[in-house]
Every structure is written in C-alpha cells, then in structure tokens.
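Below is one structure, written out as structure tokens; the observations come after it.
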Amino acid sequence: ELGGFAFFQLVISAILWLWFFIQISVNFPVMRGHVINVIIIWSSIFLSQVVLHVNAPNFPIGADLGDALGGVMLTAVGCFFTYFFWKAVTETRDFHVQENHVHTDVRVMEEAMAEHSLFAWTIMVIIWVMTMSLNAWSGAHFIAERNVVDYAVYSVHLISGVIVIYLLMHMLWFPQRMLGEGAKVRTKAAADADADLLIEGVILAPEGECPSCDASAPISLNESGETIVDCASPNCNSRGVAGEKCAGCDEKYPTRYTCVTCGVNSPVNDFIPDKEAW
C-alpha cells in the first residue's frame, strides 16, 4: 500500500524529472528534437530491468530465458533508439562538414572531418548506455528483495545515477558546441524528406548563377532555405550563412558577391535562381 509520504515523494520526483527534461530542451536547443529519444532509451532500459527482476529477484542468478523475453525486447528497443540517436548526430556532422568546410582539396576536407571527429562522443554514448543499464539493474535489484540488506547495491545505484546525468549533459552539449546553435540534428533521410516537402512548385537551384550573365557562382541554399557563401577571408575555407560570423576566423560571411565573369556586384540572394516547376 502506498503511504502518504511515499505518494508525496512520487509526485515530487515526477515534477523534478519533468523540470529536468524541460531544462535540457531549453539549454540544448540543437538536441531538443531528440529529448524524446533520450526518454524512450532511458525508460526502455529501466523497464527492461524491472521486467527481468519480476521472476528472478537475484537477476541474472536464477533467470529463465522464457521469463527474460520481455526484458530483452525492451533492451533491444533502447539499443535501437540509441543507434538512431547516434546516426542522427553523425549524419548531421557529415552534412555540416560538407556544407561549411567544402574545399577542392580532398586533404583539406579530410582534415575538417578529423577536426569534427565523433569518436570520443561515440565512446561516451556507449558508456552512457552501459552505466544506465548498471543503474537500472542496481535499482531493480535493490527493491526486488523483500528484506533490504544489500545497501552496497543501493550505493551503486546512487553513484551510477549521478554519472548517467553527467554523461547525458555532455552528450547533448558536445554536438551543440561542434555544430553551432543554428544546426538541426537529424538523419539524412529526415533531411531529404523535409526537403521534398519544402520544395513544392519551385525548384531551387543548388548552385548560384549570376543574374546578369548566368555564370556559375559559389552560392547555394541549405535545407533551411538560408544562403550559403564562402568566407571572405582568403586564409579561411569555411562556408556559412551570409551575414553570420564565421566560426573559423570570426569574420562575417559576405552578403554581396561580385561575379568573376562580368563584374556585377549584387546581394547574394540575387545569385539564387528560382525556376518554376511545371
């Protein structure tokens, strides 16, 4: 039977968890769309351990394969959403490098990709899932016993819980630090689907053209409809949104462009031709 104080603790806990995830959404806007994924991963891992301990309080000791099916399925769900989360960040990183650090020299592109390496972040994700599993196991293991005597397991649950939160904060912070607050973390398939929905009736040319002589210009649009140009600094190979500050040299990306063929100088938006689709 749930007592009054226990119910009060349950309500306070729910409110604090809600506040925690709201704060994550506010402080890490780049990863806001994946907060639901984090909740699903967390819930799946925890529920899997609860299910595994129902018929085997000393799990994995005394566990039966038939009784563990539900827990295994929930663990698989958590692993799937973890992979989806990792894939979205990885493909967004690839797109970011291809769009903002494009260069004719392959070696420069390889250096840019190396600078945006997600190896350490990937290891962090793996450790986060493993620590979360340990945290869920220790919590379920502690409450599965009628006579609570193993406070060492409870200590493991408390310590691993702090580590899980610590790793989660860094997991969400790192992509935002690397990609910038204007990025949108999503898989390539999701980006392609959004592009198909956005482009209805108008075909936006991927490469810019001079409005006077139709010569090609290194100006393009990203999937958000923003104009992408080369950095004005001759020593910088970055590309970014016109008018914003370059992350590589702190100069602003130009808002005007001079055609190298005919010499006409116009706003960069004039170099993006719109072609009506029939």
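Residue numbering restarts at 1 for every chain of the structure tokens, chains are lettered A, B, ... in their displayed order, and ligands are numbered from 1 as they appear.
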
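Residues within 7 Å of Cys236 (chain A), counting only C-alpha atoms and excluding same-chain residues fewer than 2 positions away, are Cys231, Ser233, Pro234, Ser238, Gly248 and Cys249 of chain A.
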
Mind dumping the selected residues with N, CA and C atoms as a compact mmCIF listing (two decimals), in the first residue's frame?
```txt
# COMPACT_ATOMS: atom_id res chain seq x y z
N CYS A 231 33.63 32.08 -47.05
CA CYS A 231 34.15 33.10 -46.14
C CYS A 231 34.97 34.11 -46.93
N SER A 233 37.53 35.78 -45.94
CA SER A 233 38.95 35.74 -45.64
C SER A 233 39.67 34.78 -46.59
N PRO A 234 40.76 35.21 -47.21
CA PRO A 234 41.48 34.33 -48.15
C PRO A 234 42.15 33.14 -47.46
N SER A 238 36.06 28.06 -44.89
CA SER A 238 34.73 27.74 -44.38
C SER A 238 33.64 28.32 -45.27
N GLY A 248 35.49 29.97 -38.05
CA GLY A 248 36.91 29.72 -38.21
C GLY A 248 37.78 30.94 -38.03
N CYS A 249 37.30 32.12 -38.49
CA CYS A 249 38.15 33.31 -38.44
C CYS A 249 37.44 34.52 -37.83
```

Write out as a Markdown table the residues of region 68-126 of chain A that have any atom within 12 Å of an atom of region 16-38 of chain A, one row each with the nearest atom pair and its distance in Å to one decimal, counting only C-alpha atoms, sorted by chain and then rising number.
```
| residue | atom | partner | partner_atom | distance |
| --- | --- | --- | --- | --- |
| A:Val77 | CA | A:Asn37 | CA | 10.7 |
| A:Gly78 | CA | A:Asn37 | CA | 9.0 |
| A:Cys79 | CA | A:Asn37 | CA | 10.8 |
| A:Phe80 | CA | A:Asn37 | CA | 10.0 |
| A:Phe81 | CA | A:Asn37 | CA | 6.3 |
| A:Thr82 | CA | A:Asn37 | CA | 7.7 |
| A:Tyr83 | CA | A:Asn37 | CA | 10.2 |
| A:Phe84 | CA | A:Asn37 | CA | 8.4 |
| A:Phe85 | CA | A:Asn37 | CA | 6.9 |
| A:Trp86 | CA | A:His34 | CA | 10.3 |
| A:Lys87 | CA | A:His34 | CA | 11.6 |
| A:Ala88 | CA | A:His34 | CA | 9.1 |
| A:Val89 | CA | A:Met31 | CA | 9.0 |
| A:Thr92 | CA | A:Val30 | CA | 10.9 |
| A:Val125 | CA | A:Val38 | CA | 11.2 |
```

message: List the spatial neighbours of Pro218 (chain A) as a ChimeraX atom specification - criterion: any atom at most 9 Å away, only C-alpha atoms, same-chain residues fewer than 6 positions off excluded.
response: /A:207-209,228-230

Writer output for current selection, N, CA and C atoms, as a CSV table (one decimal), in the first residue's frame:
```
chain,number,residue,atom,x,y,z
A,207,GLU,N,23.3,25.4,-57.2
A,207,GLU,CA,24.4,26.3,-57.4
A,207,GLU,C,23.9,27.7,-57.9
A,208,GLY,N,24.6,28.7,-57.4
A,208,GLY,CA,24.2,30.1,-57.8
A,208,GLY,C,24.5,30.4,-59.2
A,209,GLU,N,23.8,31.4,-59.8
A,209,GLU,CA,24.1,31.9,-61.1
A,209,GLU,C,24.0,33.4,-61.1
A,228,ILE,N,24.1,30.2,-48.5
A,228,ILE,CA,25.4,29.7,-48.0
A,228,ILE,C,26.5,30.3,-49.0
A,229,VAL,N,27.5,30.9,-48.4
A,229,VAL,CA,28.6,31.6,-49.2
A,229,VAL,C,29.9,31.2,-48.6
A,230,ASP,N,31.0,31.5,-49.4
A,230,ASP,CA,32.3,31.3,-48.9
A,230,ASP,C,32.7,32.4,-48.0
```
